[in-house]
Number of protein chains: 2
Amino acid sequence: MSVMYTGALQDLMDELGALPGIGPKSAQRIALHILGADPESVKRLTTALTVVKEKVKFCTTCGNVTEEEHCAICLDTRREQHLLCVVEEAKDVAAIERTRSFRGRYHVLGGAIDPINGIGPDQLRIRELMSRLADGTVKEVIIATDPNVEGEATAAYLARMLSTLEIPTSRLASGLPVGGDLEYADEVTLGRAFEGRRLI
Amino acid sequence: MSVMYTGALQDLMDELGALPGIGPKSAQRIALHILGADPESVKRLTTALTVVKEKVKFCTTCGNVTEEEHCAICLDTRREQHLLCVVEEAKDVAAIERTRSFRGRYHVLGGAIDPINGIGPDQLRIRELMSRLADGTVKEVIIATDPNVEGEATAAYLARMLSTLEIPTSRLASGLPVGGDLEYADEVTLGRAFEGRRLI
């Protein structure tokens with residue numbers, strides 16, 4: 001793909017291509033769009049990039065994104081203090097908030113246990129979680145790590161840690177996606193759906 | 001998708017989401033990647049964006065991208081001067097260069113005739129093409145606009161214009177993609193492949 005472009009345009013394609021989910025074709029398309037775009041809109045993009053790096057940080061309590069010391073959810077006194085949902089990333093907080101079905105607070109681990117990539121419990125915000133739970137305010141923990149190998153390993157590790165504190169701990173249900181087709185479900189998901197079946 | 005994010009992070013997602021091919025999910029993924037990325041790499045990205053807008057412009061002869069008055073292809077004396085390939089966009093020049101099967105020069109129209117979006121012949125670099133052909137250097141024109149409605153309309157318009165100059169004009173072949181499967185070809189492509197069949 002690199003044939004033909006040189007200099008500044010190739011530099012831009014290289015930088016864009018380093019972003020997650022942007023392949024060489026998308027990088028080319030975006031770079032040529034930038035070239036023809038209104039200078040004001042490019043200025044807005046570069047400003048937005050710079051401002052995010054300057055202003056946005058992580059909530060010192062829960063690890064969610066915020067521009068202040070604490071995030072809006074931790075500061076919201078209407079949120080239930082005794083219910084804590086543990087997630088891998090800030091984007092999981094956003095996803096759960098969109099469901100509007102959880103009114104407790106969050107704890108963002110900053111990833112999942114993944115030994116192949118050198119991420120163990122010490123690289124995650126697990127120590128912060130344990131000290132947060134120490135004062136007895138939280139009465140229930142919901143582990144909402146991803147339903148994949150790393151997420152399950154993290155959930156199992158957390159469940160073991162939390163069992164010492166005697167706080168009831170649950171894991172999000174696995175099963176068939178709502179609106180999906182049974183015949184297209186993979187066998188692991190379908191197996192979980194059987195295990196987790198409920199009386200009606 | 002916009003629930004939950006506020007301030008600088010949402011601004012960045014909005015700007016990213018305005019780029020071609022970037023949906024809300026990708027915008028979120030990239031914005032959160034930027035948040036956690038090495039500040040040096042974000043600086044390189046914003047610099048690359050700014051430099052492209054400052055330095056890269058269009059070749060005054062052919063309309064291809066360049067950082068100089070003329071592009072590298074127009075300046076290359078080894079390229080055949082009598083053969084001209086007309087394309088819609090600079091990225092089409094890059095695509096044809098990668099084939100290494102064309103040694104002539106290019107003329108970039110800057111788009112295709114698309115009345116619905118208000119693009120007529122006057123919005124394209126057709127006047128520049130006609131004055132370029134006026135001195136008789138070019139002996140053959142290859143029209144390589146896209147094989148879609150707008151590209152075909154543009155090719156038909158150009159063919160009519162060029163017929164007055166008596167310069168032999170051809171259009172790239174339509175047919176089955178190499179390495180493709182006949183049964184997956186759409187009927188228009190398969191029809192074109194029949195029309196354009198060649199004796200072996």
# chains A, B, ... in the order shown; residues from 1 in each chain; ligands from 1
>>> interface_residues(of="chain A", to="chain B", cutoff="8 Å", atoms="only C-alpha atoms", output="number ranges by chain")
A: 1, 3-5, 7-9, 11-12, 15-16, 19-21, 26, 28-30, 32-35, 39, 41-46, 48-53, 55-57, 67, 91, 94, 97-98
>>> write_last_selection(atoms="C-alpha atoms", output="compact mmCIF listing (two decimals), in the first residue's frame")
# COMPACT_ATOMS: atom_id res chain seq x y z
CA MET A 1 0.00 0.00 0.00
CA VAL A 3 3.81 2.81 -3.01
CA MET A 4 3.17 6.25 -4.49
CA TYR A 5 2.59 8.45 -1.48
CA GLY A 7 6.31 12.95 2.54
CA ALA A 8 3.59 14.50 4.67
CA LEU A 9 0.72 12.48 3.23
CA ASP A 11 3.44 10.31 7.37
CA LEU A 12 -0.23 10.99 8.08
CA GLU A 15 0.04 7.68 12.02
CA LEU A 16 -3.60 6.98 11.16
CA LEU A 19 -4.81 3.67 15.42
CA PRO A 20 -6.94 0.67 16.43
CA GLY A 21 -9.21 -0.62 13.67
CA SER A 26 -8.97 3.42 5.73
CA GLN A 28 -5.53 6.39 2.86
CA ARG A 29 -9.20 7.30 2.67
CA ILE A 30 -9.06 9.44 5.81
CA LEU A 32 -7.17 12.12 1.41
CA HIS A 33 -10.35 13.31 3.10
CA ILE A 34 -8.24 15.46 5.45
CA LEU A 35 -6.41 16.88 2.44
CA PRO A 39 -9.19 23.64 7.45
CA SER A 41 -12.67 20.95 10.77
CA VAL A 42 -9.07 19.66 10.76
CA LYS A 43 -8.22 22.29 13.36
CA ARG A 44 -11.15 21.09 15.49
CA LEU A 45 -9.86 17.50 15.23
CA THR A 46 -6.28 18.37 16.23
CA ALA A 48 -9.88 17.74 20.30
CA LEU A 49 -6.93 15.32 20.27
CA THR A 50 -4.73 17.73 22.23
CA VAL A 51 -7.44 18.67 24.75
CA VAL A 52 -8.25 15.01 25.49
CA LYS A 53 -4.60 14.37 26.36
CA LYS A 55 -7.81 17.32 30.34
CA VAL A 56 -9.18 13.80 30.51
CA LYS A 57 -7.85 11.59 33.28
CA GLU A 67 -12.00 15.73 33.65
CA LYS A 91 -16.06 1.80 27.63
CA ALA A 94 -20.52 3.50 29.03
CA GLU A 97 -24.93 3.00 31.57
CA ARG A 98 -26.72 2.83 28.23
>>> select_by_dssp(residues="region 58-198 of chain B", states="alpha helix (DSSP H)", output="PyMOL selection string")
chain B and resi 72-75+90-99+126-133+149-163+187-195
>>> select_by_dssp(residues="region 23-152 of chain B", states="strand (DSSP E)", output="JSON, numbers by chain")
{"B": [57, 58, 65, 66, 83, 84, 85, 86, 87, 105, 106, 107, 108, 140, 141, 142, 143]}
>>> write_last_selection(atoms="all heavy atoms", output="short mmCIF file (atom, residue, chain, number, x, y, z; two decimals), in the first residue's frame")
data_model
loop_
_atom_site.label_atom_id
_atom_site.label_comp_id
_atom_site.auth_asym_id
_atom_site.auth_seq_id
_atom_site.Cartn_x
_atom_site.Cartn_y
_atom_site.Cartn_z
N LYS B 57 -0.46 19.79 -1.60
CA LYS B 57 -1.40 20.47 -2.48
C LYS B 57 -1.57 19.63 -3.74
O LYS B 57 -1.15 18.47 -3.76
CB LYS B 57 -0.90 21.88 -2.79
CG LYS B 57 0.57 21.94 -3.06
CD LYS B 57 1.13 23.33 -2.89
CE LYS B 57 2.63 23.27 -3.17
NZ LYS B 57 3.30 24.53 -2.96
N PHE B 58 -2.18 20.21 -4.76
CA PHE B 58 -2.44 19.43 -5.97
C PHE B 58 -1.57 19.93 -7.11
O PHE B 58 -1.38 21.14 -7.29
CB PHE B 58 -3.92 19.52 -6.31
CG PHE B 58 -4.79 18.93 -5.22
CD1 PHE B 58 -5.41 19.74 -4.28
CD2 PHE B 58 -4.93 17.56 -5.12
CE1 PHE B 58 -6.18 19.18 -3.26
CE2 PHE B 58 -5.69 16.99 -4.10
CZ PHE B 58 -6.32 17.80 -3.17
N VAL B 65 -1.68 14.57 -5.95
CA VAL B 65 -1.14 15.19 -4.74
C VAL B 65 0.37 15.38 -4.85
O VAL B 65 1.07 14.57 -5.45
CB VAL B 65 -1.46 14.34 -3.48
CG1 VAL B 65 -2.94 14.41 -3.17
CG2 VAL B 65 -1.00 12.91 -3.62
N THR B 66 0.84 16.46 -4.26
CA THR B 66 2.27 16.78 -4.30
C THR B 66 2.58 17.82 -3.23
O THR B 66 1.67 18.49 -2.73
CB THR B 66 2.67 17.34 -5.68
OG1 THR B 66 4.05 17.67 -5.66
CG2 THR B 66 1.87 18.59 -6.04
N LEU B 83 0.73 9.28 -23.63
CA LEU B 83 -0.31 8.42 -23.08
C LEU B 83 -0.86 9.06 -21.81
O LEU B 83 -0.11 9.32 -20.87
CB LEU B 83 0.33 7.07 -22.76
CG LEU B 83 -0.56 5.86 -22.57
CD1 LEU B 83 -1.44 5.66 -23.81
CD2 LEU B 83 0.32 4.62 -22.36
N LEU B 84 -2.16 9.33 -21.78
CA LEU B 84 -2.75 10.00 -20.62
C LEU B 84 -3.90 9.18 -20.04
O LEU B 84 -4.81 8.78 -20.77
CB LEU B 84 -3.25 11.39 -21.02
CG LEU B 84 -3.63 12.29 -19.84
CD1 LEU B 84 -2.38 12.82 -19.13
CD2 LEU B 84 -4.48 13.46 -20.34
N CYS B 85 -3.84 8.95 -18.74
CA CYS B 85 -4.89 8.19 -18.06
C CYS B 85 -5.70 9.15 -17.20
O CYS B 85 -5.16 9.82 -16.32
CB CYS B 85 -4.25 7.10 -17.21
SG CYS B 85 -5.45 6.11 -16.32
N VAL B 86 -7.02 9.20 -17.43
CA VAL B 86 -7.90 10.11 -16.69
C VAL B 86 -8.57 9.34 -15.54
O VAL B 86 -9.22 8.32 -15.78
CB VAL B 86 -8.97 10.71 -17.62
CG1 VAL B 86 -9.88 11.66 -16.85
CG2 VAL B 86 -8.31 11.43 -18.79
N VAL B 87 -8.38 9.83 -14.33
CA VAL B 87 -8.97 9.17 -13.16
C VAL B 87 -9.79 10.17 -12.36
O VAL B 87 -9.69 11.39 -12.57
CB VAL B 87 -7.88 8.55 -12.24
CG1 VAL B 87 -7.12 7.44 -12.96
CG2 VAL B 87 -6.93 9.62 -11.72
N ARG B 105 1.12 9.25 -18.23
CA ARG B 105 0.83 10.26 -17.19
C ARG B 105 -0.65 10.26 -16.85
O ARG B 105 -1.44 9.55 -17.48
CB ARG B 105 1.32 11.62 -17.67
CG ARG B 105 2.83 11.56 -17.82
CD ARG B 105 3.46 12.86 -18.18
NE ARG B 105 4.91 12.68 -18.14
CZ ARG B 105 5.79 13.63 -18.42
NH1 ARG B 105 5.38 14.85 -18.75
NH2 ARG B 105 7.08 13.37 -18.37
N TYR B 106 -0.99 11.07 -15.88
CA TYR B 106 -2.37 11.06 -15.37
C TYR B 106 -3.03 12.43 -15.49
O TYR B 106 -2.36 13.46 -15.61
CB TYR B 106 -2.38 10.68 -13.88
CG TYR B 106 -1.93 9.27 -13.63
CD1 TYR B 106 -0.60 8.99 -13.34
CD2 TYR B 106 -2.84 8.21 -13.69
CE1 TYR B 106 -0.17 7.70 -13.10
CE2 TYR B 106 -2.42 6.91 -13.45
CZ TYR B 106 -1.09 6.66 -13.16
OH TYR B 106 -0.68 5.38 -12.93
N HIS B 107 -4.37 12.38 -15.42
CA HIS B 107 -5.12 13.61 -15.21
C HIS B 107 -6.20 13.29 -14.18
O HIS B 107 -7.04 12.41 -14.40
CB HIS B 107 -5.75 14.13 -16.50
CG HIS B 107 -6.29 15.51 -16.36
ND1 HIS B 107 -5.50 16.63 -16.48
CD2 HIS B 107 -7.53 15.95 -16.04
CE1 HIS B 107 -6.23 17.71 -16.26
NE2 HIS B 107 -7.47 17.33 -15.99
N VAL B 108 -6.15 13.98 -13.04
CA VAL B 108 -7.10 13.72 -11.95
C VAL B 108 -8.25 14.73 -12.04
O VAL B 108 -8.04 15.94 -11.98
CB VAL B 108 -6.40 13.84 -10.57
CG1 VAL B 108 -7.40 13.56 -9.44
CG2 VAL B 108 -5.20 12.90 -10.49
N GLU B 140 -3.05 9.32 -26.98
CA GLU B 140 -4.06 8.35 -26.57
C GLU B 140 -4.54 8.66 -25.16
O GLU B 140 -3.73 8.95 -24.27
CB GLU B 140 -3.48 6.92 -26.61
CG GLU B 140 -4.54 5.88 -26.30
CD GLU B 140 -3.99 4.46 -26.23
OE1 GLU B 140 -2.85 4.22 -26.67
OE2 GLU B 140 -4.72 3.59 -25.72
N VAL B 141 -5.85 8.60 -24.96
CA VAL B 141 -6.43 8.85 -23.65
C VAL B 141 -7.11 7.56 -23.15
O VAL B 141 -7.87 6.94 -23.89
CB VAL B 141 -7.45 10.01 -23.68
CG1 VAL B 141 -8.19 10.13 -22.35
CG2 VAL B 141 -6.75 11.31 -24.03
N ILE B 142 -6.79 7.17 -21.92
CA ILE B 142 -7.45 6.02 -21.29
C ILE B 142 -8.34 6.56 -20.17
O ILE B 142 -7.83 7.20 -19.25
CB ILE B 142 -6.41 5.04 -20.70
CG1 ILE B 142 -5.47 4.55 -21.80
CG2 ILE B 142 -7.10 3.88 -19.98
CD1 ILE B 142 -4.27 3.76 -21.28
N ILE B 143 -9.63 6.31 -20.28
CA ILE B 143 -10.55 6.80 -19.24
C ILE B 143 -10.69 5.71 -18.18
O ILE B 143 -11.18 4.62 -18.46
CB ILE B 143 -11.91 7.19 -19.82
CG1 ILE B 143 -11.71 8.25 -20.92
CG2 ILE B 143 -12.83 7.75 -18.71
CD1 ILE B 143 -12.98 8.68 -21.61
#
>>> residues_around(residues="Gly196 (chain B)", least_positions_apart="4", cutoff="12 Å", atoms="only C-alpha atoms", output="list in words")
Arg171, Leu172, Ala173, Ser174, Gly175, Leu176, Thr189, Leu190, Gly191 and Arg192 of chain B
>>> write_last_selection(atoms="N, CA and C atoms", output="PDB file, in the first residue's frame")
ATOM      1  N   ARG B 171     -11.541   2.913 -22.660  1.00  0.00           N
ATOM      2  CA  ARG B 171     -12.110   2.804 -21.316  1.00  0.00           C
ATOM      3  C   ARG B 171     -11.562   1.510 -20.740  1.00  0.00           C
ATOM      4  N   LEU B 172     -11.215   1.478 -19.452  1.00  0.00           N
ATOM      5  CA  LEU B 172     -10.732   0.241 -18.842  1.00  0.00           C
ATOM      6  C   LEU B 172     -11.773  -0.859 -18.997  1.00  0.00           C
ATOM      7  N   ALA B 173     -11.296  -2.118 -19.189  1.00  0.00           N
ATOM      8  CA  ALA B 173     -12.210  -3.248 -19.352  1.00  0.00           C
ATOM      9  C   ALA B 173     -12.990  -3.517 -18.075  1.00  0.00           C
ATOM     10  N   SER B 174     -14.273  -3.853 -18.253  1.00  0.00           N
ATOM     11  CA  SER B 174     -15.059  -4.380 -17.132  1.00  0.00           C
ATOM     12  C   SER B 174     -15.153  -5.879 -17.312  1.00  0.00           C
ATOM     13  N   GLY B 175     -15.201  -6.639 -16.241  1.00  0.00           N
ATOM     14  CA  GLY B 175     -15.321  -8.087 -16.339  1.00  0.00           C
ATOM     15  C   GLY B 175     -15.115  -8.720 -14.997  1.00  0.00           C
ATOM     16  N   LEU B 176     -14.837 -10.014 -15.006  1.00  0.00           N
ATOM     17  CA  LEU B 176     -14.695 -10.751 -13.748  1.00  0.00           C
ATOM     18  C   LEU B 176     -13.387 -10.367 -13.062  1.00  0.00           C
ATOM     19  N   THR B 189     -21.740  -7.332 -13.978  1.00  0.00           N
ATOM     20  CA  THR B 189     -20.333  -7.639 -14.222  1.00  0.00           C
ATOM     21  C   THR B 189     -20.207  -8.848 -15.156  1.00  0.00           C
ATOM     22  N   LEU B 190     -21.031  -9.869 -14.895  1.00  0.00           N
ATOM     23  CA  LEU B 190     -20.973 -11.080 -15.713  1.00  0.00           C
ATOM     24  C   LEU B 190     -21.410 -10.764 -17.147  1.00  0.00           C
ATOM     25  N   GLY B 191     -22.417  -9.898 -17.280  1.00  0.00           N
ATOM     26  CA  GLY B 191     -22.861  -9.462 -18.608  1.00  0.00           C
ATOM     27  C   GLY B 191     -21.743  -8.741 -19.347  1.00  0.00           C
ATOM     28  N   ARG B 192     -21.036  -7.851 -18.628  1.00  0.00           N
ATOM     29  CA  ARG B 192     -19.900  -7.137 -19.228  1.00  0.00           C
ATOM     30  C   ARG B 192     -18.792  -8.094 -19.630  1.00  0.00           C
TER      31      ARG B 192
END
>>> residues_around(residues="Met130 (chain B)", least_positions_apart="3", cutoff="9 Å", atoms="only C-alpha atoms", output="NGL selection string")
:B and (125-127 or 133-134 or 161-162 or 165)
>>> residues_around(residues="Glu88 (chain A)", least_positions_apart="4", cutoff="9 Å", atoms="only C-alpha atoms", output="short mmCIF file (atom, residue, chain, number, x, y, z; two decimals) with all heavy atoms, in the first residue's frame")
data_model
loop_
_atom_site.label_atom_id
_atom_site.label_comp_id
_atom_site.auth_asym_id
_atom_site.auth_seq_id
_atom_site.Cartn_x
_atom_site.Cartn_y
_atom_site.Cartn_z
N ASP A 92 -16.76 -0.10 29.03
CA ASP A 92 -17.76 -1.01 29.58
C ASP A 92 -18.73 -0.25 30.49
O ASP A 92 -19.91 -0.57 30.55
CB ASP A 92 -17.07 -2.14 30.34
CG ASP A 92 -16.11 -2.93 29.46
OD1 ASP A 92 -16.44 -3.13 28.28
OD2 ASP A 92 -15.03 -3.32 29.94
N VAL A 93 -18.22 0.75 31.21
CA VAL A 93 -19.08 1.62 32.02
C VAL A 93 -20.11 2.27 31.10
O VAL A 93 -21.32 2.25 31.37
CB VAL A 93 -18.27 2.71 32.76
CG1 VAL A 93 -19.20 3.70 33.44
CG2 VAL A 93 -17.32 2.08 33.78
N HIS A 107 -16.19 -0.05 39.35
CA HIS A 107 -14.75 -0.07 39.56
C HIS A 107 -14.12 -0.55 38.26
O HIS A 107 -14.42 -1.65 37.79
CB HIS A 107 -14.37 -0.98 40.72
CG HIS A 107 -12.93 -0.81 41.13
ND1 HIS A 107 -12.51 0.19 41.98
CD2 HIS A 107 -11.81 -1.49 40.77
CE1 HIS A 107 -11.20 0.12 42.14
NE2 HIS A 107 -10.75 -0.89 41.42
N VAL A 108 -13.28 0.28 37.65
CA VAL A 108 -12.66 -0.04 36.36
C VAL A 108 -11.27 -0.61 36.62
O VAL A 108 -10.41 0.06 37.20
CB VAL A 108 -12.56 1.21 35.46
CG1 VAL A 108 -11.92 0.85 34.12
CG2 VAL A 108 -13.93 1.85 35.26
N LEU A 109 -11.05 -1.86 36.17
CA LEU A 109 -9.77 -2.54 36.43
C LEU A 109 -8.64 -2.02 35.54
O LEU A 109 -7.48 -2.11 35.90
CB LEU A 109 -9.93 -4.05 36.20
CG LEU A 109 -10.89 -4.78 37.15
CD1 LEU A 109 -11.08 -6.21 36.67
CD2 LEU A 109 -10.32 -4.76 38.57
N GLY A 110 -9.00 -1.52 34.37
CA GLY A 110 -7.97 -1.10 33.41
C GLY A 110 -7.47 -2.25 32.57
O GLY A 110 -6.38 -2.20 32.01
N GLY A 111 -8.28 -3.31 32.42
CA GLY A 111 -7.90 -4.45 31.59
C GLY A 111 -8.31 -5.75 32.24
O GLY A 111 -9.13 -5.76 33.16
N ALA A 112 -7.75 -6.85 31.73
CA ALA A 112 -8.05 -8.18 32.28
C ALA A 112 -6.74 -8.94 32.40
O ALA A 112 -5.75 -8.60 31.74
CB ALA A 112 -9.00 -8.92 31.35
N LEU A 124 -3.41 -4.49 37.20
CA LEU A 124 -4.80 -4.02 37.20
C LEU A 124 -5.10 -3.31 38.51
O LEU A 124 -4.34 -3.43 39.47
CB LEU A 124 -5.73 -5.23 37.02
CG LEU A 124 -5.46 -6.06 35.77
CD1 LEU A 124 -6.34 -7.30 35.76
CD2 LEU A 124 -5.66 -5.25 34.51
N ALA A 144 -18.38 -7.88 36.01
CA ALA A 144 -18.86 -7.73 34.63
C ALA A 144 -17.68 -7.66 33.66
O ALA A 144 -17.68 -6.89 32.72
CB ALA A 144 -19.75 -6.49 34.52
N THR A 145 -16.67 -8.51 33.90
CA THR A 145 -15.57 -8.60 32.94
C THR A 145 -16.08 -9.29 31.69
O THR A 145 -17.15 -9.92 31.71
CB THR A 145 -14.38 -9.37 33.55
OG1 THR A 145 -14.87 -10.63 34.05
CG2 THR A 145 -13.74 -8.60 34.69
N ASP A 146 -15.33 -9.18 30.58
CA ASP A 146 -15.79 -9.76 29.30
C ASP A 146 -15.95 -11.28 29.40
O ASP A 146 -15.19 -11.93 30.10
CB ASP A 146 -14.76 -9.44 28.20
CG ASP A 146 -14.81 -7.99 27.77
OD1 ASP A 146 -15.81 -7.31 28.07
OD2 ASP A 146 -13.83 -7.54 27.14
N GLY A 151 -11.28 -12.42 30.49
CA GLY A 151 -12.31 -11.92 31.40
C GLY A 151 -12.74 -12.96 32.42
O GLY A 151 -12.94 -12.65 33.60
#
>>> atom_distance(atom1="CA of Ala156 (chain A)", atom2="CA of Ile113 (chain A)")
10.2 Å
>>> residues_around(residues="Lys139 (chain B)", least_positions_apart="2", cutoff="8 Å", atoms="only C-alpha atoms", output="list of chain:residue names")
B:His82, B:Leu83, B:Gly136, B:Thr137, B:Val141, B:Ile167, B:Pro168
>>> write_last_selection(atoms="N, CA and C atoms", output="compact mmCIF listing (two decimals), in the first residue's frame")
# COMPACT_ATOMS: atom_id res chain seq x y z
N HIS B 82 2.88 10.73 -24.42
CA HIS B 82 1.77 10.65 -25.38
C HIS B 82 0.58 9.88 -24.85
N LEU B 83 0.73 9.28 -23.63
CA LEU B 83 -0.31 8.42 -23.08
C LEU B 83 -0.86 9.06 -21.81
N GLY B 136 -1.49 18.68 -28.75
CA GLY B 136 -1.23 17.52 -29.60
C GLY B 136 -0.19 16.54 -29.09
N THR B 137 0.39 16.79 -27.91
CA THR B 137 1.40 15.85 -27.37
C THR B 137 0.78 14.50 -27.04
N VAL B 141 -5.85 8.60 -24.96
CA VAL B 141 -6.43 8.85 -23.65
C VAL B 141 -7.11 7.56 -23.15
N ILE B 167 -8.62 12.26 -30.77
CA ILE B 167 -7.59 11.50 -30.06
C ILE B 167 -8.20 10.15 -29.69
N PRO B 168 -7.52 9.03 -30.04
CA PRO B 168 -8.08 7.72 -29.67
C PRO B 168 -8.29 7.63 -28.16
>>> atom_distance(atom1="CA of Cys59 (chain A)", atom2="CA of Leu75 (chain A)")
10.2 Å
>>> atom_distance(atom1="CA of Ser170 (chain A)", atom2="CA of Tyr157 (chain A)")
13.0 Å
